[in-house]
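The next block is coords.cif, given as mmCIF, C-alpha atoms.
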data_final
#
loop_
_atom_site.label_atom_id
_atom_site.label_comp_id
_atom_site.auth_asym_id
_atom_site.auth_seq_id
_atom_site.Cartn_x
_atom_site.Cartn_y
_atom_site.Cartn_z
CA MET A 1 26.19 5.78 -13.92
CA MET A 2 25.56 4.60 -17.49
CA LYS A 3 25.53 0.99 -16.31
CA LEU A 4 22.96 2.00 -13.71
CA TYR A 5 20.65 3.41 -16.38
CA LYS A 6 21.11 0.28 -18.49
CA LEU A 7 20.06 -1.83 -15.50
CA LEU A 8 17.01 0.33 -14.96
CA SER A 9 16.10 0.14 -18.63
CA PHE A 10 16.43 -3.64 -18.80
CA SER A 11 14.49 -4.18 -15.59
CA PHE A 12 11.75 -2.04 -17.13
CA LEU A 13 11.89 -4.31 -20.19
CA LEU A 14 11.53 -7.37 -17.96
CA ALA A 15 8.59 -5.92 -16.12
CA THR A 16 6.69 -5.23 -19.32
CA LEU A 17 7.53 -8.07 -21.68
CA THR A 18 7.03 -11.16 -19.58
CA SER A 19 5.25 -12.56 -16.58
CA CYS A 20 6.87 -11.62 -13.29
CA THR A 21 6.31 -12.35 -9.65
CA PHE A 22 6.13 -9.26 -7.45
CA THR A 23 6.39 -9.77 -3.69
CA GLU A 24 5.59 -7.03 -1.19
CA ASN A 25 7.34 -7.66 2.14
CA ILE A 26 6.83 -5.91 5.45
CA TYR A 27 8.79 -6.78 8.62
CA ILE A 28 7.56 -5.09 11.81
CA ASN A 29 9.61 -5.14 15.02
CA ASP A 30 8.39 -4.94 18.64
CA ASN A 31 8.89 -1.17 18.74
CA GLY A 32 6.96 -0.57 15.50
CA THR A 33 10.00 0.05 13.31
CA GLY A 34 10.68 -2.24 10.40
CA LYS A 35 11.58 -2.85 6.79
CA PHE A 36 9.58 -2.63 3.59
CA SER A 37 10.58 -4.14 0.27
CA VAL A 38 9.23 -5.13 -3.11
CA ASP A 39 10.92 -8.02 -4.91
CA MET A 40 10.58 -8.62 -8.64
CA ASP A 41 11.45 -12.02 -10.08
CA GLY A 42 11.78 -11.65 -13.85
CA SER A 43 13.65 -14.90 -14.40
CA ALA A 44 11.09 -16.05 -16.99
CA LEU A 45 12.53 -13.65 -19.55
CA MET A 46 16.06 -14.81 -18.75
CA GLU A 47 14.88 -18.32 -19.59
CA MET A 48 13.87 -17.05 -23.04
CA ALA A 49 16.53 -14.50 -23.87
CA GLY A 50 19.13 -14.42 -21.10
CA ASP A 51 22.23 -14.41 -23.31
CA GLN A 52 20.95 -11.57 -25.50
CA ILE A 53 20.01 -9.43 -22.51
CA ALA A 54 23.29 -10.08 -20.69
CA GLY A 55 25.13 -9.33 -23.93
CA GLN A 56 23.52 -5.91 -24.10
CA MET A 57 24.89 -5.28 -20.61
CA GLY A 58 28.44 -6.23 -21.64
CA ASP A 59 29.85 -9.70 -21.14
CA ALA A 60 27.09 -12.30 -21.63
CA LYS A 61 28.98 -14.72 -19.35
CA LYS A 62 29.44 -12.21 -16.55
CA ASP A 63 26.87 -12.07 -13.75
CA VAL A 64 25.48 -8.76 -12.54
CA ASP A 65 25.25 -8.16 -8.79
CA THR A 66 24.84 -4.50 -7.98
CA THR A 67 23.26 -2.15 -5.45
CA PHE A 68 22.42 1.55 -5.59
CA THR A 69 20.09 4.05 -3.93
CA PHE A 70 17.55 6.34 -5.53
CA LYS A 71 19.48 9.16 -3.91
CA GLN A 72 22.22 8.47 -6.48
CA VAL A 73 19.69 8.58 -9.33
CA PHE A 74 18.21 11.83 -8.05
CA GLU A 75 21.67 13.37 -7.85
CA GLU A 76 22.20 12.56 -11.52
CA LYS A 77 18.76 14.00 -12.32
CA LYS A 78 18.94 17.03 -10.02
CA ASP A 79 18.62 19.57 -12.85
CA SER A 80 15.48 17.86 -14.12
CA ILE A 81 14.07 17.53 -10.58
CA ALA A 82 14.64 21.24 -9.92
CA LYS A 83 12.17 22.02 -12.73
CA LEU A 84 9.39 20.00 -11.10
CA SER A 85 6.75 21.40 -8.78
CA PRO A 86 7.50 21.47 -5.03
CA GLU A 87 4.76 18.86 -4.55
CA THR A 88 6.36 16.47 -7.05
CA GLN A 89 9.81 16.99 -5.54
CA LYS A 90 8.36 16.13 -2.13
CA GLU A 91 6.88 12.93 -3.56
CA LEU A 92 10.22 11.87 -5.04
CA LYS A 93 11.99 12.51 -1.74
CA LYS A 94 9.91 9.69 -0.20
CA LEU A 95 11.94 7.28 -2.35
CA GLU A 96 15.34 8.77 -1.59
CA ASN A 97 16.42 6.10 0.91
CA PHE A 98 15.27 3.11 -1.12
CA VAL A 99 18.08 0.68 -1.89
CA VAL A 100 17.78 -1.21 -5.19
CA SER A 101 19.62 -4.52 -5.52
CA THR A 102 19.86 -6.42 -8.79
CA LYS A 103 21.13 -9.93 -9.49
CA MET A 104 21.25 -11.17 -13.07
CA SER A 105 22.78 -14.36 -14.45
CA SER A 106 22.26 -15.74 -17.95
CA GLU A 107 23.85 -19.03 -16.86
CA LYS A 108 21.48 -19.45 -13.91
CA LYS A 109 18.57 -17.94 -15.89
CA GLN A 110 18.04 -15.49 -13.07
CA PHE A 111 16.91 -11.89 -12.84
CA LEU A 112 16.01 -10.67 -9.37
CA MET A 113 15.47 -7.10 -8.21
CA THR A 114 14.67 -5.80 -4.74
CA MET A 115 13.66 -2.29 -3.65
CA ALA A 116 13.94 -1.89 0.11
CA THR A 117 13.79 0.78 2.79
CA ASP A 118 13.61 0.99 6.57
CA PHE A 119 10.79 2.78 8.36
CA LYS A 120 10.23 4.15 11.86
CA ASN A 121 6.47 3.65 11.66
CA VAL A 122 4.46 1.69 9.11
CA ASN A 123 2.33 4.81 8.55
CA GLU A 124 5.32 6.29 6.72
CA LEU A 125 4.60 3.89 3.86
CA GLN A 126 1.37 5.61 2.85
CA ASP A 127 1.21 5.74 -0.97
CA ILE A 128 4.87 4.69 -1.22
CA LEU A 129 4.29 2.48 -4.28
CA GLN A 130 2.15 5.10 -5.98
CA THR A 131 5.08 7.49 -5.65
CA LEU A 132 6.98 5.35 -8.15
CA SER A 133 4.70 6.67 -10.89
CA THR A 134 6.15 10.14 -10.21
CA PHE A 135 9.24 8.98 -12.13
CA GLN A 136 7.30 9.51 -15.33
CA LYS A 137 7.50 13.26 -14.70
CA LEU A 138 11.27 13.07 -14.94
CA GLU A 139 13.15 13.17 -18.22
CA GLY A 140 13.62 9.51 -19.09
CA GLY A 141 11.51 8.65 -16.06
CA ALA A 142 9.81 5.61 -17.55
CA ALA A 143 13.12 3.79 -17.77
CA ALA A 144 14.07 4.91 -14.25
CA ASN A 145 11.24 2.99 -12.60
CA PRO A 146 12.90 -0.39 -11.97
CA LEU A 147 9.58 -2.15 -11.52
CA GLY A 148 8.19 -0.98 -14.84
CA ASN A 149 6.32 1.98 -16.25
CA GLY A 150 3.03 2.39 -14.39
CA PHE A 151 3.88 0.06 -11.48
CA GLY A 152 2.19 1.39 -8.37
CA ASP A 153 -0.12 3.61 -10.41
CA ASN A 154 -3.27 1.53 -9.97
CA GLY A 155 -5.66 4.39 -9.28
CA SER A 156 -5.80 3.99 -5.51
CA LYS A 157 -4.49 5.48 -2.29
CA LEU A 158 -2.73 2.83 -0.21
CA SER A 159 -2.19 3.07 3.53
CA TYR A 160 -0.98 0.81 6.33
CA SER A 161 -1.62 1.00 10.06
CA TYR A 162 -0.36 -0.98 13.06
CA ASP A 163 -1.01 -0.38 16.76
CA GLY A 164 0.14 -3.67 18.26
CA LYS A 165 -3.40 -5.03 18.36
CA LYS A 166 -4.34 -4.77 14.70
CA PHE A 167 -2.67 -4.32 11.31
CA THR A 168 -4.56 -2.95 8.31
CA ARG A 169 -3.69 -2.74 4.63
CA LYS A 170 -6.19 -0.51 2.86
CA ALA A 171 -6.36 0.77 -0.72
CA VAL A 172 -9.07 3.32 -1.49
CA ILE A 173 -9.89 3.57 -5.18
CA ASP A 174 -9.86 6.99 -6.82
CA GLN A 175 -12.85 6.66 -9.15
CA GLN A 176 -11.70 9.57 -11.32
CA LYS A 177 -8.30 8.00 -11.91
CA LYS A 178 -9.88 4.60 -12.51
CA ALA A 179 -12.19 6.06 -15.16
CA ALA A 180 -9.20 7.70 -16.86
CA LYS A 181 -7.31 4.39 -16.93
CA VAL A 182 -10.29 2.66 -18.54
CA LYS A 183 -10.17 5.19 -21.37
CA ASP A 184 -6.43 4.71 -21.79
CA SER A 185 -5.81 2.44 -24.78
CA ALA A 186 -2.52 1.34 -23.22
CA GLY A 187 -4.56 -0.38 -20.52
CA ASP A 188 -5.44 -3.31 -22.78
CA MET A 189 -1.75 -3.83 -23.54
CA SER A 190 -0.96 -3.80 -19.82
CA LYS A 191 -3.62 -6.44 -19.22
CA MET A 192 -2.00 -8.75 -21.74
CA MET A 193 1.51 -8.16 -20.44
CA PHE A 194 0.65 -8.81 -16.80
CA ALA A 195 -2.07 -11.43 -17.28
CA SER A 196 0.14 -14.25 -16.03
CA SER A 197 2.01 -12.24 -13.38
CA SER A 198 1.45 -12.61 -9.65
CA TYR A 199 1.44 -10.18 -6.73
CA ILE A 200 2.25 -11.69 -3.34
CA VAL A 201 2.22 -10.06 0.08
CA LYS A 202 4.39 -11.46 2.87
CA TYR A 203 4.04 -9.73 6.21
CA HIS A 204 6.00 -10.58 9.36
CA PHE A 205 4.89 -9.41 12.81
CA PRO A 206 6.36 -9.49 16.33
CA LYS A 207 3.20 -11.11 17.74
CA LYS A 208 1.21 -14.25 17.03
CA ILE A 209 -1.71 -13.74 14.68
CA LYS A 210 -5.19 -14.47 15.94
CA LYS A 211 -7.04 -14.07 12.63
CA VAL A 212 -6.84 -12.51 9.17
CA SER A 213 -9.83 -11.16 7.26
CA ASN A 214 -8.60 -12.74 4.02
CA PRO A 215 -9.49 -16.47 4.13
CA THR A 216 -6.73 -17.43 1.64
CA ALA A 217 -3.92 -16.27 3.95
CA LEU A 218 -1.25 -18.86 4.68
CA PHE A 219 0.36 -18.82 8.14
CA SER A 220 3.94 -19.57 9.12
CA ASP A 221 4.55 -22.30 11.68
CA ASP A 222 4.91 -19.74 14.50
CA ARG A 223 1.79 -17.83 13.28
CA LYS A 224 3.76 -14.57 13.17
CA SER A 225 3.84 -14.32 9.37
CA ILE A 226 1.27 -14.50 6.59
CA THR A 227 1.48 -14.97 2.83
CA ILE A 228 -1.34 -14.04 0.45
CA GLN A 229 -1.15 -14.45 -3.33
CA TYR A 230 -3.13 -12.41 -5.85
CA THR A 231 -3.10 -12.03 -9.60
CA PHE A 232 -1.24 -8.95 -10.79
CA THR A 233 -4.39 -8.03 -12.70
CA ASP A 234 -6.21 -7.67 -9.38
CA TYR A 235 -3.39 -5.49 -8.04
CA MET A 236 -3.70 -3.17 -11.05
CA GLU A 237 -7.46 -3.22 -11.68
CA ASN A 238 -9.05 -4.08 -8.32
CA PRO A 239 -6.54 -2.91 -5.69
CA ASP A 240 -9.18 -2.96 -2.96
CA LYS A 241 -9.24 -6.75 -3.29
CA LEU A 242 -5.86 -6.66 -1.55
CA ASN A 243 -7.34 -5.00 1.55
CA PHE A 244 -7.29 -6.99 4.78
CA ASP A 245 -7.01 -6.75 8.57
CA VAL A 246 -4.82 -8.78 10.89
CA GLU A 247 -5.67 -9.21 14.57
CA PHE A 248 -3.14 -10.44 17.12
CA GLU A 249 -3.27 -12.61 20.19
CA LYS A 250 -3.13 -10.78 23.51
#
Show me, as structure tokens, the structure contained in the file I just sent.
Amino acid sequence: MMKLYKLLSFSFLLATLTSCTFTENIYINDNGTGKFSVDMDGSALMEMAGDQIAGQMGDAKKDVDTTFTFKQVFEEKKDSIAKLSPETQKELKKLENFVVSTKMSSEKKQFLMTMATDFKNVNELQDILQTLSTFQKLEGGAAANPLGNGFGDNGSKLSYSYDGKKFTRKAVIDQQKKAAKVKDSAGDMSKMMFASSSYIVKYHFPKKIKKVSNPTALFSDDRKSITIQYTFTDYMENPDKLNFDVEFEK
């Protein structure tokens, strides 16, 4: 598992040292089940220092293409997890079935990472990204968050709902947490690191879309998918800007 921890550490480096593109994907089927994933494209750093990074992983000319689950990580960290509160252990269990896939190539200047999980109902995804911040309570937790220390911890409670007629993405800001982040001196550093990063949502539905409350939404040709792009700064500092409703044709 040492190679696994190296991958986690280097993905954390990517997510904090250069601009990245984060894409949140949701695929909903007719019966309400579906798939959720977050993709991170950190290829910009590979453009700058791909050989050095690949060299740290072993053979600089050898590509990395690997997949693991958080369940494997938790098994390695079970002694540390056992010391956490029952509430924190319950939070971590939400991530147990996430599959993390990593592709890295210094030759192709590519570093791609995907975290994905299936769901039975989109309501299961409530606060799923915020749960990533729970890693910081683990020994070595900062390096274990593949999307970077603090990702998902934007001081809000995120929920999704879908009933076949309407889909809603809603983040409610926790003013107390937001005030604490403002006082955190590390916040200014985060602003600089993510200033040129983007956060994109791509949602795919089983029905044609009638309208979306966000006027910048782009539709697919069949009007069953939407794409909306935000700055990563908005995701971290103004998460309620990412709120929107989708209504479907009858």
To test your reading of the syntax: which residues would the PyMOL selection byres ((chain A and resi 220-232) around 6) return for the file shown? Reply as a ChimeraX atom specification. /A:197-205,207-209,217-219,233-235
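The closest residue to A:Val122, picked from A:Ile26, A:Cys20, A:Ile81, A:Met40 and counting all atoms listed in the file, is A:Ile26.
If you measure from each of A:Met236, A:Thr88, A:Thr216, A:Gly164 to A:Glu249 using all atoms listed in the file, the closest one turns out to be A:Gly164.
Near (21.5, -3.7, -2.6), the residues inside the 9 Å limit, counting only C-alpha atoms, come to Asp65, Thr66, Thr67, Phe68, Thr69, Val99, Val100, Ser101, Thr102, Met113, Thr114, Met115 and Ala116 of chain A.
In this comparison, which uses only C-alpha atoms, the residue of A:Asn31, A:Ser196, A:Ser19, A:Gln110 approaching A:Val64 most closely is A:Gln110.
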Test item: which residues lie within 10 Å of (2.8, -1.9, -8.9) counting only C-alpha atoms, as a list in words: Phe22, Glu24, Val38, Leu129, Gln130, Leu132, Ser133, Leu147, Gly148, Asn149, Gly150, Phe151, Gly152, Asp153, Asn154, Tyr199, Phe232, Tyr235, Met236 and Pro239 of chain A
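Going from atom CA of A:Thr33 to atom CA of A:Asn121 covers 5.3 Å.
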Atom CA of A:Lys108 to atom CA of A:Asp41, straight-line distance in Å: 13.1 Å
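Taking atom CA of A:Ser213 as the reference point, atom CA of A:Asn243 is found at 8.8 Å.
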Which of A:Ile173, A:Leu158, A:Leu112, A:Met104 sits closest to A:Asp127 [using only C-alpha atoms]: A:Leu158
Using all atoms listed in the file: which of A:Gln175, A:Thr23, A:Thr134, A:Ser161 has the shortest distance to A:Leu84: A:Thr134
Pick from A:Gln126, A:Lys62, A:Ser105, A:Phe74: nearest to A:Lys93, with only C-alpha atoms counted? A:Phe74
Non-local contacts of A:Glu96 (7 Å; all atoms listed in the file; under 3 positions in same chain excluded) as number ranges by chain: A: 70-71, 92-93
